[in-house]
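Source file: data21.json; contents: JSON, C-alpha atoms.
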```
[["chain", "number", "residue", "atom", "x", "y", "z"],
["A", 572, "MET", "CA", 2.36, 39.15, -165.07],
["A", 573, "SER", "CA", 1.14, 40.70, -168.30],
["A", 574, "ALA", "CA", -2.53, 41.08, -169.09],
["A", 575, "LEU", "CA", -2.15, 38.62, -171.96],
["A", 576, "SER", "CA", -0.65, 35.88, -169.77],
["A", 577, "ARG", "CA", -3.40, 36.46, -167.16],
["A", 578, "ARG", "CA", -6.07, 35.99, -169.79],
["A", 579, "ASN", "CA", -4.35, 32.82, -171.01],
["A", 580, "PHE", "CA", -4.22, 31.51, -167.44],
["A", 581, "LEU", "CA", -7.93, 32.17, -166.95],
["A", 582, "ALA", "CA", -8.76, 30.41, -170.21],
["A", 583, "LEU", "CA", -7.06, 27.12, -169.32],
["A", 584, "THR", "CA", -9.45, 24.20, -169.45],
["A", 585, "GLY", "CA", -7.26, 21.75, -167.52],
["A", 586, "SER", "CA", -8.26, 23.18, -164.16],
["A", 587, "ALA", "CA", -11.95, 23.06, -165.06],
["A", 588, "ALA", "CA", -11.60, 19.43, -166.16],
["A", 589, "GLU", "CA", -9.85, 18.48, -162.92],
["A", 590, "PHE", "CA", -12.57, 20.22, -160.96],
["A", 591, "GLU", "CA", -15.28, 18.33, -162.83],
["A", 592, "SER", "CA", -13.45, 15.03, -162.27],
["A", 593, "PHE", "CA", -12.43, 15.41, -158.63],
["A", 594, "GLY", "CA", -14.34, 18.32, -157.10],
["A", 595, "ILE", "CA", -17.32, 16.37, -155.89],
["A", 596, "GLN", "CA", -15.22, 13.44, -154.65],
["A", 597, "LEU", "CA", -12.78, 15.60, -152.72],
["A", 598, "GLY", "CA", -15.40, 18.11, -151.53],
["A", 599, "PRO", "CA", -14.25, 19.33, -148.11],
["A", 600, "LYS", "CA", -10.59, 18.55, -148.83],
["A", 601, "MET", "CA", -10.42, 20.94, -151.77],
["A", 602, "LEU", "CA", -10.25, 24.72, -152.01],
["A", 603, "LEU", "CA", -11.52, 25.98, -155.34],
["A", 604, "TRP", "CA", -10.36, 29.32, -156.73],
["A", 605, "PHE", "CA", -12.35, 30.61, -159.67],
["A", 606, "PRO", "CA", -12.09, 33.89, -161.60],
["A", 607, "GLU", "CA", -14.54, 36.61, -160.69],
["A", 608, "SER", "CA", -15.03, 37.12, -164.42],
["A", 609, "GLY", "CA", -16.53, 33.62, -164.58],
["A", 610, "ARG", "CA", -19.48, 34.40, -162.32],
["A", 611, "GLY", "CA", -22.72, 33.37, -163.89],
["A", 612, "GLY", "CA", -21.10, 30.86, -166.23],
["A", 613, "PHE", "CA", -21.41, 27.08, -166.20],
["A", 614, "VAL", "CA", -18.84, 26.52, -163.46],
["A", 615, "ASP", "CA", -20.47, 29.13, -161.23],
["A", 616, "THR", "CA", -24.09, 28.10, -161.68],
["A", 617, "GLY", "CA", -23.71, 24.35, -162.09],
["A", 618, "ASN", "CA", -20.53, 22.71, -160.87],
["A", 619, "ARG", "CA", -19.82, 25.20, -158.10],
["A", 620, "ARG", "CA", -23.24, 24.74, -156.51],
["A", 621, "LEU", "CA", -22.84, 20.96, -156.60],
["A", 622, "PHE", "CA", -19.33, 21.32, -155.15],
["A", 623, "ARG", "CA", -20.62, 23.43, -152.25],
["A", 624, "ALA", "CA", -23.41, 20.91, -151.59],
["A", 625, "ALA", "CA", -20.69, 18.24, -151.29],
["A", 626, "GLY", "CA", -18.98, 20.30, -148.57],
["A", 627, "GLY", "CA", -16.43, 22.06, -150.78],
["A", 628, "PHE", "CA", -15.18, 25.59, -150.18],
["A", 629, "ASP", "CA", -14.65, 28.12, -152.94],
["A", 630, "GLU", "CA", -13.37, 31.65, -153.35],
["A", 631, "ALA", "CA", -13.41, 34.08, -156.26],
["A", 632, "PHE", "CA", -10.39, 36.10, -157.35],
["A", 633, "GLN", "CA", -9.76, 39.16, -159.47],
["A", 634, "GLU", "CA", -7.27, 39.01, -162.33],
["A", 635, "ASP", "CA", -4.96, 41.40, -160.45],
["A", 636, "ASP", "CA", -4.78, 38.93, -157.55],
["A", 637, "LEU", "CA", -2.68, 36.59, -159.70],
["A", 638, "ALA", "CA", 0.25, 39.01, -159.58],
["A", 639, "SER", "CA", 0.07, 39.39, -155.80],
["A", 640, "CYS", "CA", 0.34, 37.01, -152.88],
["A", 641, "VAL", "CA", -3.37, 37.23, -152.05],
["A", 642, "LEU", "CA", -4.19, 33.74, -153.35],
["A", 643, "THR", "CA", -1.21, 32.17, -151.62],
["A", 644, "LEU", "CA", -1.89, 33.78, -148.26],
["A", 645, "ALA", "CA", -5.60, 32.95, -148.36],
["A", 646, "SER", "CA", -4.80, 29.35, -149.34],
["A", 647, "VAL", "CA", -2.32, 29.00, -146.48],
["A", 648, "ASP", "CA", -4.92, 30.34, -144.05],
["A", 649, "TRP", "CA", -7.45, 27.82, -145.37],
["A", 650, "VAL", "CA", -5.01, 24.92, -144.96],
["A", 651, "LYS", "CA", -4.12, 26.02, -141.42],
["A", 652, "GLU", "CA", -7.80, 26.24, -140.50],
["A", 653, "LYS", "CA", -8.49, 22.77, -141.94],
["A", 654, "LYS", "CA", -5.52, 21.35, -140.04],
["A", 655, "TYR", "CA", -6.73, 22.97, -136.81],
["A", 656, "LEU", "CA", -10.23, 21.56, -137.27],
["A", 657, "GLN", "CA", -8.81, 18.06, -137.76],
["A", 658, "LEU", "CA", -6.90, 18.07, -134.46]]
```

Output the structure of this file as structure tokens.
Amino acid sequence: MSALSRRNFLALTGSAAEFESFGIQLGPKMLLWFPESGRGGFVDTGNRRLFRAAGGFDEAFQEDDLASCVLTLASVDWVKEKKYLQL
């Protein structure tokens, strides 16, 4: 993935809007991935704290992680752990 397409991906507002709309409702059923470059911004200091208080789980990622399987593998592990805890 080129650096330009990574920046475009990180700048999408659709994901942020979905998070604002559903993050608090879905809380523990939702895994939130947010860019490390966004630390300290509105999502990090406001919405993310509220999301965690509602029982949500979040992880930060580096831009280089988008080109690897890191996000996929970590997400699969999270889903497996949630499934195990629900048994």

Separation of atom CA of A:Ala638 from atom CA of A:Phe593 in Å: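 Between atom CA of A:Phe593 and atom CA of A:Ala638 the gap is 26.8 Å.
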
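Atom pair atom CA of A:Pro606 / atom CA of A:Lys654 has a distance of 25.8 Å (rounded to one decimal).
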
What is the atom CA of A:Gly594 to atom CA of A:Asn618 distance in Å?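 Between atom CA of A:Gly594 and atom CA of A:Asn618 the gap works out to 8.5 Å.
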
How big is the axis-aligned box around all listed atoms of stretch 591-598 of chain A once 6 Å goes on each side, and where's its centre, in Å to one decimal, as lines of an AutoDock Vina configuration file?
```
center_x = -14.9
center_y = 15.9
center_z = -157.2
size_x = 16.9
size_y = 16.9
size_z = 23.3
```

I'd like to know which of A:Ile595, A:Thr643, A:Glu652, A:Glu634 is closest to A:Gly609, using all atoms listed in the file.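 The shortest atom-to-atom distance to A:Gly609 comes from A:Glu634.
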
Which residue, A:Asp636, A:Asp648, A:Glu630, A:Glu589, has the smallest gap to A:Arg610 when you use all atoms listed in the file? A:Glu630

Could you check the closest approach to A:Leu597 for each of A:Leu642, A:Ala624, A:Leu637, A:Val647 and tell me which residue wins, using all atoms listed in the file?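 Residue with the minimum atom-to-atom distance to A:Leu597: A:Ala624.
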
Have a look at A:Gly627, A:Val641, A:Asp635, A:Ser646 and name the one nearest to A:Met601; count only C-alpha atoms.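 For A:Met601, the nearest of the candidates is A:Gly627.
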
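Closest approach to A:Phe632 from the set A:Glu607, A:Trp649, A:Gly598, A:Ser592 is made by A:Glu607, with distances taken over all atoms listed in the file.
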
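Ranking A:Trp604, A:Gly612, A:Leu621, A:Gly626 by their shortest atom-to-atom distance to A:Ala645, with all atoms listed in the file included, puts A:Trp604 first.
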
I want to know what sits within 7 Å of A:Phe628, based on all atoms listed in the file, with residues of the same chain fewer than 5 positions away left out; could you give that as a count of residues only? 5
